[in-house]
Amino acid sequence: MSSPSLSPIPAFINPESGGGSDVLAALEADQRFTVVPAEPARLAEDIGRAVAAGAPRVLVAGGDGTLRTAAGALAGAQTEMAVVPAGTLNHFAKRHEIPTGAGEALAVAAGGGVATTDVGYVNDQIFLNTSSVGAYVTFVRTRERLERRLGYWLASIVAALRILAGLRTFLVELEVDGRRAVYRTPLVFFAVGERELKLPTLGGPSASGRRGLHVLIVRGQTRARLAVLAFAAAARGTRSISRTPHLDSFLVERCRIDMPRPRGRVATDGEILLLTAPLEYRLARDALRVVVPAADTATATTTAGGATDLRG
């Protein structure tokens with residue numbers, strides 16, 4: 001367990017974000033924190049300066065995408081990351097049992113204990129929960145275009161329906177432990193930590209799961225079967241897919257994916273990145289120090305891997 005500094009904790013928040021106004025008001029009224037307005041494009045740089053200055057703890061208010069950016073500047077450092085959830089789904093905060101209410105979250109941020117957690121990387125890009133290639137990338141891009149007009153949930157439904165109507169598969173070559181296999185698939189999915197592979201909790205973090213990158217690959221004999229699996233995964237998460245011969249699963253420390261094109265779009269914690277192939281995935285163990293409720297530090301290392309569905 002760690003004791004926070006007596007100095008105010010730097011609190012990074014985007015004041016323009018949709019869900020940030022209540023959090024900003026709470027932070028400004030709390031003398032335990034110093035508010036640092038942070039534009040998304042400068043967040044990693046601003047946090048990097050705090051780390052270089054020796055800050056023992058920083059607070060980041062935001063959703064999973066914001067936390068992913070912050071973690072890129074904090075991974076491997078001794079500076080602790082406290083979290084106030086301010087996103088739509090807040091998978092990372094929920095996995096670490098951080099309260100979603102601003103007041104309760106600030107109490108944890110100021111006085112909680114510390115646990116280390118594993119993170120994943122694809123090439124040099126960090127992810128905290130999940131990453132994927134294929135159908136989910138199309139799903140996220142379509143949802144983002146529709147979200148301003150339809151709202152998050154309705155946009156998600158419409159985007160999933162469009163995936164079903166125009167589903168495409170692609171060839172990938174996967175290398176694990178020196179062995180290579182070729183798949184035609186609509187979706188390759190990665191999670192930090194082992195996932196359940198049986199109903200009713202398929203796709204969720206395994207309670208006694210092993211550490212590693214859990215790789216799930218959707219495959220099938222017909223376009224109709226692929227469509228059903230990919231649609232269910234994109235719309236409702238991997239829990240909706242029963243354990244069938246159409247889902248291959250690996251638990252690895254690292255793996256490589258060769259793509260048919262030199263560059264491709266990859267989803268990381270719900271955000272889309274354009275990366276150069278091949279895609280090199282790897283696990284970084286105990287890379288991030290996270291402030292959690294004090295009672296949760298009895299187990300010093302958290303190993304569960306991210307969200308229970310592909311939105312995380």
# chains A, B, ... in the order shown; residues from 1 in each chain; ligands from 1
>>> closest_atom_pairs(of="segment 35-137 of chain A", to="segment 262-284 of chain A", cutoff="7 Å", atoms="only C-alpha atoms", output="JSON lines")
{"residue": "A:Asp64", "atom": "CA", "partner": "A:Asp269", "partner_atom": "CA", "distance": 6.3}
{"residue": "A:Gly65", "atom": "CA", "partner": "A:Asp269", "partner_atom": "CA", "distance": 6.0}
{"residue": "A:Asp118", "atom": "CA", "partner": "A:Ala284", "partner_atom": "CA", "distance": 5.7}
{"residue": "A:Val119", "atom": "CA", "partner": "A:Ala284", "partner_atom": "CA", "distance": 5.4}
{"residue": "A:Gly120", "atom": "CA", "partner": "A:Leu283", "partner_atom": "CA", "distance": 4.6}
{"residue": "A:Tyr121", "atom": "CA", "partner": "A:Arg282", "partner_atom": "CA", "distance": 5.3}
{"residue": "A:Val122", "atom": "CA", "partner": "A:Tyr281", "partner_atom": "CA", "distance": 4.4}
{"residue": "A:Asn123", "atom": "CA", "partner": "A:Glu280", "partner_atom": "CA", "distance": 5.0}
{"residue": "A:Phe127", "atom": "CA", "partner": "A:Thr268", "partner_atom": "CA", "distance": 5.7}
{"residue": "A:Leu128", "atom": "CA", "partner": "A:Asp269", "partner_atom": "CA", "distance": 6.8}
{"residue": "A:Asn129", "atom": "CA", "partner": "A:Asp269", "partner_atom": "CA", "distance": 5.9}
{"residue": "A:Thr130", "atom": "CA", "partner": "A:Asp269", "partner_atom": "CA", "distance": 5.4}
{"residue": "A:Ser131", "atom": "CA", "partner": "A:Thr268", "partner_atom": "CA", "distance": 4.3}
{"residue": "A:Ser132", "atom": "CA", "partner": "A:Ala267", "partner_atom": "CA", "distance": 5.2}
{"residue": "A:Val133", "atom": "CA", "partner": "A:Val266", "partner_atom": "CA", "distance": 5.2}
{"residue": "A:Val137", "atom": "CA", "partner": "A:Ala267", "partner_atom": "CA", "distance": 5.6}
>>> write_last_selection(atoms="N, CA and C atoms", output="PDB file, in the first residue's frame")
ATOM      1  N   ASP A  64     -12.473   5.155 -20.871  1.00  0.00           N
ATOM      2  CA  ASP A  64     -11.404   4.207 -21.151  1.00  0.00           C
ATOM      3  C   ASP A  64     -10.394   4.747 -22.166  1.00  0.00           C
ATOM      4  N   GLY A  65     -10.854   5.506 -23.160  1.00  0.00           N
ATOM      5  CA  GLY A  65      -9.926   6.061 -24.129  1.00  0.00           C
ATOM      6  C   GLY A  65      -8.965   7.061 -23.502  1.00  0.00           C
ATOM      7  N   ASP A 118      -1.532  -5.494 -15.302  1.00  0.00           N
ATOM      8  CA  ASP A 118      -0.925  -5.752 -16.602  1.00  0.00           C
ATOM      9  C   ASP A 118      -1.577  -4.884 -17.668  1.00  0.00           C
ATOM     10  N   VAL A 119      -0.832  -4.605 -18.726  1.00  0.00           N
ATOM     11  CA  VAL A 119      -1.368  -3.894 -19.888  1.00  0.00           C
ATOM     12  C   VAL A 119      -0.916  -4.624 -21.146  1.00  0.00           C
ATOM     13  N   GLY A 120      -1.570  -4.324 -22.246  1.00  0.00           N
ATOM     14  CA  GLY A 120      -1.166  -4.879 -23.523  1.00  0.00           C
ATOM     15  C   GLY A 120      -0.608  -3.806 -24.435  1.00  0.00           C
ATOM     16  N   TYR A 121       0.163  -4.239 -25.415  1.00  0.00           N
ATOM     17  CA  TYR A 121       0.655  -3.336 -26.459  1.00  0.00           C
ATOM     18  C   TYR A 121       0.406  -3.975 -27.812  1.00  0.00           C
ATOM     19  N   VAL A 122       0.043  -3.139 -28.786  1.00  0.00           N
ATOM     20  CA  VAL A 122       0.067  -3.544 -30.179  1.00  0.00           C
ATOM     21  C   VAL A 122       1.012  -2.574 -30.869  1.00  0.00           C
ATOM     22  N   ASN A 123       2.101  -3.118 -31.434  1.00  0.00           N
ATOM     23  CA  ASN A 123       3.231  -2.301 -31.864  1.00  0.00           C
ATOM     24  C   ASN A 123       3.653  -1.442 -30.672  1.00  0.00           C
ATOM     25  N   PHE A 127      -2.820  -0.686 -24.636  1.00  0.00           N
ATOM     26  CA  PHE A 127      -4.252  -0.818 -24.371  1.00  0.00           C
ATOM     27  C   PHE A 127      -4.439  -1.452 -23.003  1.00  0.00           C
ATOM     28  N   LEU A 128      -5.500  -1.031 -22.331  1.00  0.00           N
ATOM     29  CA  LEU A 128      -5.769  -1.463 -20.965  1.00  0.00           C
ATOM     30  C   LEU A 128      -6.728  -2.634 -20.902  1.00  0.00           C
ATOM     31  N   ASN A 129      -7.659  -2.692 -21.825  1.00  0.00           N
ATOM     32  CA  ASN A 129      -8.720  -3.679 -21.770  1.00  0.00           C
ATOM     33  C   ASN A 129      -8.670  -4.622 -22.967  1.00  0.00           C
ATOM     34  N   THR A 130      -8.988  -4.094 -24.144  1.00  0.00           N
ATOM     35  CA  THR A 130      -9.115  -4.939 -25.322  1.00  0.00           C
ATOM     36  C   THR A 130      -8.576  -4.256 -26.567  1.00  0.00           C
ATOM     37  N   SER A 131      -8.285  -5.092 -27.564  1.00  0.00           N
ATOM     38  CA  SER A 131      -7.914  -4.613 -28.892  1.00  0.00           C
ATOM     39  C   SER A 131      -8.499  -5.602 -29.897  1.00  0.00           C
ATOM     40  N   SER A 132      -8.787  -5.140 -31.094  1.00  0.00           N
ATOM     41  CA  SER A 132      -9.352  -6.041 -32.093  1.00  0.00           C
ATOM     42  C   SER A 132      -9.059  -5.551 -33.498  1.00  0.00           C
ATOM     43  N   VAL A 133      -9.148  -6.503 -34.429  1.00  0.00           N
ATOM     44  CA  VAL A 133      -8.950  -6.248 -35.845  1.00  0.00           C
ATOM     45  C   VAL A 133     -10.138  -6.862 -36.575  1.00  0.00           C
ATOM     46  N   VAL A 137     -13.719  -2.958 -35.729  1.00  0.00           N
ATOM     47  CA  VAL A 137     -13.192  -1.672 -36.200  1.00  0.00           C
ATOM     48  C   VAL A 137     -14.243  -0.966 -37.044  1.00  0.00           C
TER      49      VAL A 137
END
>>> closest_residue(among="A:Gly63, A:Pro99, A:Pro10, A:Gly113", to="Val51 of chain A", atoms="only C-alpha atoms")
A:Pro10
>>> closest_residue(among="A:Thr169, A:Thr34, A:Thr117, A:Gln125", to="Val290 of chain A", atoms="only C-alpha atoms")
A:Thr117
>>> select_by_dssp(residues="segment 92-128 of chain A", states="strand (DSSP E)", output="PyMOL selection string")
chain A and resi 113-122+125-127
>>> write_last_selection(atoms="N, CA and C atoms", output="PDB file, in the first residue's frame")
ATOM      1  N   GLY A 113      -5.348   2.582  -1.675  1.00  0.00           N
ATOM      2  CA  GLY A 113      -4.107   1.835  -1.810  1.00  0.00           C
ATOM      3  C   GLY A 113      -3.716   1.713  -3.266  1.00  0.00           C
ATOM      4  N   VAL A 114      -2.696   0.891  -3.528  1.00  0.00           N
ATOM      5  CA  VAL A 114      -2.162   0.772  -4.886  1.00  0.00           C
ATOM      6  C   VAL A 114      -2.049  -0.695  -5.259  1.00  0.00           C
ATOM      7  N   ALA A 115      -2.496  -1.016  -6.467  1.00  0.00           N
ATOM      8  CA  ALA A 115      -2.306  -2.343  -7.049  1.00  0.00           C
ATOM      9  C   ALA A 115      -1.625  -2.180  -8.401  1.00  0.00           C
ATOM     10  N   THR A 116      -0.828  -3.157  -8.774  1.00  0.00           N
ATOM     11  CA  THR A 116      -0.250  -3.135 -10.116  1.00  0.00           C
ATOM     12  C   THR A 116      -1.141  -3.937 -11.049  1.00  0.00           C
ATOM     13  N   THR A 117      -1.140  -3.558 -12.313  1.00  0.00           N
ATOM     14  CA  THR A 117      -1.975  -4.249 -13.297  1.00  0.00           C
ATOM     15  C   THR A 117      -1.206  -4.431 -14.598  1.00  0.00           C
ATOM     16  N   ASP A 118      -1.532  -5.494 -15.302  1.00  0.00           N
ATOM     17  CA  ASP A 118      -0.925  -5.752 -16.602  1.00  0.00           C
ATOM     18  C   ASP A 118      -1.577  -4.884 -17.668  1.00  0.00           C
ATOM     19  N   VAL A 119      -0.832  -4.605 -18.726  1.00  0.00           N
ATOM     20  CA  VAL A 119      -1.368  -3.894 -19.888  1.00  0.00           C
ATOM     21  C   VAL A 119      -0.916  -4.624 -21.146  1.00  0.00           C
ATOM     22  N   GLY A 120      -1.570  -4.324 -22.246  1.00  0.00           N
ATOM     23  CA  GLY A 120      -1.166  -4.879 -23.523  1.00  0.00           C
ATOM     24  C   GLY A 120      -0.608  -3.806 -24.435  1.00  0.00           C
ATOM     25  N   TYR A 121       0.163  -4.239 -25.415  1.00  0.00           N
ATOM     26  CA  TYR A 121       0.655  -3.336 -26.459  1.00  0.00           C
ATOM     27  C   TYR A 121       0.406  -3.975 -27.812  1.00  0.00           C
ATOM     28  N   VAL A 122       0.043  -3.139 -28.786  1.00  0.00           N
ATOM     29  CA  VAL A 122       0.067  -3.544 -30.179  1.00  0.00           C
ATOM     30  C   VAL A 122       1.012  -2.574 -30.869  1.00  0.00           C
ATOM     31  N   GLN A 125       1.627   0.881 -29.232  1.00  0.00           N
ATOM     32  CA  GLN A 125       0.423   1.496 -28.683  1.00  0.00           C
ATOM     33  C   GLN A 125      -0.125   0.656 -27.529  1.00  0.00           C
ATOM     34  N   ILE A 126      -0.335   1.294 -26.380  1.00  0.00           N
ATOM     35  CA  ILE A 126      -0.815   0.604 -25.197  1.00  0.00           C
ATOM     36  C   ILE A 126      -2.325   0.386 -25.270  1.00  0.00           C
ATOM     37  N   PHE A 127      -2.820  -0.686 -24.636  1.00  0.00           N
ATOM     38  CA  PHE A 127      -4.252  -0.818 -24.371  1.00  0.00           C
ATOM     39  C   PHE A 127      -4.439  -1.452 -23.003  1.00  0.00           C
TER      40      PHE A 127
END
>>> residues_around(residues="Ala61 of chain A", least_positions_apart="6", cutoff="8 Å", atoms="only C-alpha atoms", output="MDAnalysis selection string")
chainID A and resid 11:14 20 23 67 83:86
>>> write_last_selection(atoms="N, CA and C atoms", output="mmCIF file, in the first residue's frame")
data_model
loop_
_atom_site.group_PDB
_atom_site.id
_atom_site.type_symbol
_atom_site.label_atom_id
_atom_site.label_comp_id
_atom_site.auth_asym_id
_atom_site.auth_seq_id
_atom_site.Cartn_x
_atom_site.Cartn_y
_atom_site.Cartn_z
ATOM 1 N N ALA A 11 -4.657 16.809 -10.912
ATOM 2 C CA ALA A 11 -5.864 16.171 -11.427
ATOM 3 C C ALA A 11 -6.068 16.621 -12.868
ATOM 4 N N PHE A 12 -5.910 15.709 -13.806
ATOM 5 C CA PHE A 12 -5.997 16.018 -15.229
ATOM 6 C C PHE A 12 -7.415 15.749 -15.720
ATOM 7 N N ILE A 13 -8.025 16.775 -16.296
ATOM 8 C CA ILE A 13 -9.392 16.654 -16.778
ATOM 9 C C ILE A 13 -9.581 17.558 -17.983
ATOM 10 N N ASN A 14 -10.344 17.070 -18.936
ATOM 11 C CA ASN A 14 -10.718 17.877 -20.089
ATOM 12 C C ASN A 14 -12.009 18.620 -19.741
ATOM 13 N N GLY A 20 -17.694 15.789 -17.985
ATOM 14 C CA GLY A 20 -16.687 16.269 -17.052
ATOM 15 C C GLY A 20 -17.084 17.424 -16.164
ATOM 16 N N VAL A 23 -17.568 16.474 -12.447
ATOM 17 C CA VAL A 23 -16.279 16.082 -11.882
ATOM 18 C C VAL A 23 -15.406 17.309 -11.663
ATOM 19 N N LEU A 67 -8.105 7.144 -20.312
ATOM 20 C CA LEU A 67 -7.216 6.402 -19.414
ATOM 21 C C LEU A 67 -6.129 5.680 -20.198
ATOM 22 N N VAL A 83 -8.126 7.340 -10.619
ATOM 23 C CA VAL A 83 -9.121 7.438 -11.688
ATOM 24 C C VAL A 83 -10.443 7.961 -11.150
ATOM 25 N N VAL A 84 -11.021 8.924 -11.858
ATOM 26 C CA VAL A 84 -12.429 9.277 -11.673
ATOM 27 C C VAL A 84 -13.144 8.934 -12.969
ATOM 28 N N PRO A 85 -14.014 7.925 -12.952
ATOM 29 C CA PRO A 85 -14.688 7.519 -14.194
ATOM 30 C C PRO A 85 -15.576 8.638 -14.730
ATOM 31 N N ALA A 86 -15.408 8.958 -16.015
ATOM 32 C CA ALA A 86 -16.230 10.008 -16.622
ATOM 33 C C ALA A 86 -16.534 9.664 -18.070
#
>>> closest_residue(among="A:Arg42, A:Arg256, A:Arg32, A:Arg57", to="Glu173 of chain A", atoms="only C-alpha atoms")
A:Arg256
>>> atom_distance(atom1="atom CA of Arg261 of chain A", atom2="atom CA of Thr69 of chain A")
26.4 Å
>>> atom_distance(atom1="atom CA of Gly134 of chain A", atom2="atom CA of Val188 of chain A")
6.5 Å
>>> atom_distance(atom1="atom CA of Val292 of chain A", atom2="atom CA of Arg254 of chain A")
27.6 Å
>>> closest_residue(among="A:Gly112, A:Gly209, A:Pro40, A:Gly178", to="Arg68 of chain A", atoms="only C-alpha atoms")
A:Pro40
